[in-house]
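Asker: Below you'll find the structure I mean.
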Amino acid sequence: MQPLVLLLAFILLPGAEAGEIIGGQEARPHSHPYMAFLQVESPQGLSSCGGFLVREDFVMTAGHCWGSTINVTLGAHNIEKQERTQQQITVLRAIRHPRYNNKTALNDIMLLQLRNRIRRNQFVRPVALPNAGEKPRPGALCTVAGWGWISLHGWSDKLQEVQLRVQSDRKCTRRFPSYCSRTQICVGDPRQKKAVFKGDSGDPLVCNNVAQGIVSYGDKENGTAPDVFTRIASYLSWIKRIMRRFKQQNQTETPPSSPCD
């Protein structure tokens, strides 16, 4: 597995500008049992993303992590090793939000239906999703975990974590012209050297054991906060319909328009 992981560390999807964990620390092994490592094959080549288990047969990630073939590793701490806790499963179907916009990153969310249900245990289990209309308040302290880079010049094969505070929407509105407060969350204090950046898009923003956001994009040059996360609560009706009905291989599902389309 090691040569593939090394390759994935340096070949990124177009638009995969967020995900590096800067200013964090190595997570306690298996303290985030919902975390998923994604190996993605697309026309641009091989890349990697983060994701998280939301049901025994579904992983959630960013829409820009789409690929023609996606392999999921769950229960990992060190992605360079074949740990006994790992479960490796191929993706049966990648269901990206139909109104995902690769220019503005609006609707940057995707569900991955796994070919087989996971074996739920202490190392692999889903994370809770928010209630409809829920959004963490500015100042809330949340956690992001992932296998992305730990500085502007190096990456980690072991799961890292960082605590970030939710910011007011105006801090992202000023910085990112396409920011939409109804479907996105502004995260990360610009006064601290803590942020997400290149290499691991799709990681979850977890606040009080609930996945509230998905790493979407940020400052691709310097890795400084704040960053933009997809707001999961804005897509709950679509998520529930997909996970309830999307069982037949050729079935399709079209959600209502996003208020920021």
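Starting from 1 in every chain, residues are counted up; chains themselves are A, B, ... following the order of the structure tokens, and ligands are numbered from 1 as listed.
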Could you list, as an MDAnalysis selection string, every residue within 6 Å of region 232-247 of chain A, counting only C-alpha atoms and ignoring same-chain residues fewer than 4 positions away?
Answerer: chainID A and resid 130 132:134 183 212:213 255
Asker: Would you list the contacts of Arg137 (chain A) as a list of chain:residue names, taking every protein, DNA or RNA residue within 10 Å and counting only C-alpha atoms, but skipping same-chain residues closer than 2 positions in sequence?
Answerer: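 Non-adjacent residues within range: A:Glu134, A:Lys135, A:Gly139, A:Ala140, A:Leu141, A:Arg165, A:Val166, A:Gln167, A:Ser168, A:Ile185.
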Asker: Which polymer residues have any atom within 12 Å of an atom of Glu83 (chain A), counting only C-alpha atoms, with same-chain residues fewer than 6 positions away left out, as a list of chain:residue names?
Answerer: A:Met1, A:Pro29, A:His30, A:Thr73, A:Leu74, A:Gly75, A:Ala76, A:His77, A:Phe123, A:Lys158
Asker: What's the 6 Å shell around Pro226 (chain A), counting only C-alpha atoms, without same-chain residues fewer than 2 positions away, as a list in words?
Answerer: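 Within the cut-off, the hits are Val187, Gly188, Asp189 and Pro190 of chain A.
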Asker: Deliver the residues from the most recent selection as a file, using C-alpha atoms, as a PDB file, in the first residue's frame.
Answerer:
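Generated output (result-v2.pdb):
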ATOM      1  CA  VAL A 187     -14.337  27.997  10.045  1.00  0.00           C
ATOM      2  CA  GLY A 188     -10.923  28.896  11.475  1.00  0.00           C
ATOM      3  CA  ASP A 189      -9.508  31.902  13.313  1.00  0.00           C
ATOM      4  CA  PRO A 190      -7.137  33.871  11.035  1.00  0.00           C
TER       5      PRO A 190
END
Asker: Can you list, as a PyMOL selection string, every protein, DNA or RNA residue that comes within 6 Å of region 40-42 of chain A when you count only C-alpha atoms, leaving out same-chain residues fewer than 3 positions away?
Answerer: chain A and resi 45-48+67-70
Asker: Those residues you just picked out, can you put them in a file as a PDB file, in the first residue's frame with N, CA, C and O atoms?
Answerer:
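Result written to result07.pdb:
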ATOM      1  N   GLY A  45      -5.987  11.451 -13.112  1.00  0.00           N
ATOM      2  CA  GLY A  45      -5.038  10.569 -12.452  1.00  0.00           C
ATOM      3  C   GLY A  45      -5.514  10.139 -11.084  1.00  0.00           C
ATOM      4  O   GLY A  45      -6.706  10.193 -10.776  1.00  0.00           O
ATOM      5  N   LEU A  46      -4.574   9.704 -10.253  1.00  0.00           N
ATOM      6  CA  LEU A  46      -4.886   9.254  -8.904  1.00  0.00           C
ATOM      7  C   LEU A  46      -4.833  10.419  -7.924  1.00  0.00           C
ATOM      8  O   LEU A  46      -4.018  11.330  -8.061  1.00  0.00           O
ATOM      9  N   SER A  47      -5.705  10.386  -6.923  1.00  0.00           N
ATOM     10  CA  SER A  47      -5.713  11.418  -5.888  1.00  0.00           C
ATOM     11  C   SER A  47      -6.287  10.814  -4.619  1.00  0.00           C
ATOM     12  O   SER A  47      -6.717   9.662  -4.597  1.00  0.00           O
ATOM     13  N   SER A  48      -6.282  11.596  -3.557  1.00  0.00           N
ATOM     14  CA  SER A  48      -6.850  11.137  -2.299  1.00  0.00           C
ATOM     15  C   SER A  48      -7.736  12.208  -1.696  1.00  0.00           C
ATOM     16  O   SER A  48      -7.555  13.402  -1.939  1.00  0.00           O
ATOM     17  N   GLY A  67     -14.737  10.645  -8.615  1.00  0.00           N
ATOM     18  CA  GLY A  67     -13.856   9.920  -9.519  1.00  0.00           C
ATOM     19  C   GLY A  67     -14.592   8.745 -10.130  1.00  0.00           C
ATOM     20  O   GLY A  67     -15.650   8.325  -9.637  1.00  0.00           O
ATOM     21  N   SER A  68     -14.042   8.198 -11.201  1.00  0.00           N
ATOM     22  CA  SER A  68     -14.678   7.057 -11.853  1.00  0.00           C
ATOM     23  C   SER A  68     -14.574   5.795 -11.006  1.00  0.00           C
ATOM     24  O   SER A  68     -15.418   4.906 -11.065  1.00  0.00           O
ATOM     25  N   THR A  69     -13.509   5.705 -10.205  1.00  0.00           N
ATOM     26  CA  THR A  69     -13.320   4.597  -9.279  1.00  0.00           C
ATOM     27  C   THR A  69     -12.861   5.149  -7.944  1.00  0.00           C
ATOM     28  O   THR A  69     -11.939   5.969  -7.894  1.00  0.00           O
ATOM     29  N   ILE A  70     -13.523   4.723  -6.876  1.00  0.00           N
ATOM     30  CA  ILE A  70     -13.157   5.180  -5.534  1.00  0.00           C
ATOM     31  C   ILE A  70     -13.084   3.977  -4.603  1.00  0.00           C
ATOM     32  O   ILE A  70     -14.016   3.179  -4.537  1.00  0.00           O
TER      33      ILE A  70
END
Asker: Just the strand (DSSP E) stuff from region 85-135 of chain A, please, per backbone DSSP, written as a PyMOL selection string.
Answerer: chain A and resi 87-96+110-114
Asker: May I ask which of the residues A:Ile79, A:Val91, A:Val72, A:Met60 is the closest one to Val215 (chain A), counting only C-alpha atoms?
Answerer: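 The answer is A:Met60, which sits nearest to Val215 (chain A).
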Asker: Have a look at CA of Arg96 (chain A) and CA of Phe37 (chain A) and let me know their distance in Å, one decimal.
Answerer: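 Taking CA of Arg96 (chain A) and CA of Phe37 (chain A), their separation equals 17.5 Å.
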Asker: Have a look at CA of Arg191 (chain A) and CA of Pro136 (chain A) and let me know their distance in Å, one decimal.
Answerer: 20.0 Å
Asker: Residues near Pro126 (chain A), anyone? I mean within 6 Å using only C-alpha atoms, not counting same-chain ones fewer than 5 positions away, as a list in words.
Answerer: Tyr34, Leu53, Val54 and Arg55 of chain A
Asker: Determine which residues of region 69-192 of chain A receive a DSSP assignment of helix (DSSP H, G or I), computed from the backbone, and state them as a count of residues only.
Answerer: 7
Asker: Take CA of Ala211 (chain A) and CA of Glu80 (chain A) and report the distance between them in Å, one decimal.
Answerer: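 Interatomic distance here is 26.0 Å.
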Asker: Between A:Pro98, A:Gly63, A:Pro33, A:Gly146, which has the minimum distance to Leu112 (chain A) (counting only C-alpha atoms)?
Answerer: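 When distances to Leu112 (chain A) are compared using only C-alpha atoms, the smallest one comes from A:Gly63.
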Asker: May I ask which of the residues A:Asn209, A:Cys180, A:Gly202, A:Arg175 is the closest one to Thr224 (chain A), counting only C-alpha atoms?
Answerer: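 Looking only at the distances to Thr224 (chain A), the closest residue turns out to be A:Arg175.
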Asker: With only C-alpha atoms as the basis for distance, which of A:Leu114, A:Ala94, A:Ala62, A:Leu164 is at the shortest distance from Ile214 (chain A)?
Answerer: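 Among the listed residues, A:Ala62 lies closest to Ile214 (chain A).
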Asker: Contacts of Asn71 (chain A) at 6 Å or less, counting only C-alpha atoms, minus same-chain residues fewer than 3 places along, as a PDB file with C-alpha atoms, in the first residue's frame?
Answerer:
ATOM      1  CA  LEU A  38     -10.508   7.684  -0.160  1.00  0.00           C
ATOM      2  CA  GLN A  39      -8.324   6.605  -3.069  1.00  0.00           C
ATOM      3  CA  THR A  90     -15.013  -0.338  -3.082  1.00  0.00           C
ATOM      4  CA  VAL A  91     -17.659   2.243  -3.934  1.00  0.00           C
TER       5      VAL A  91
END
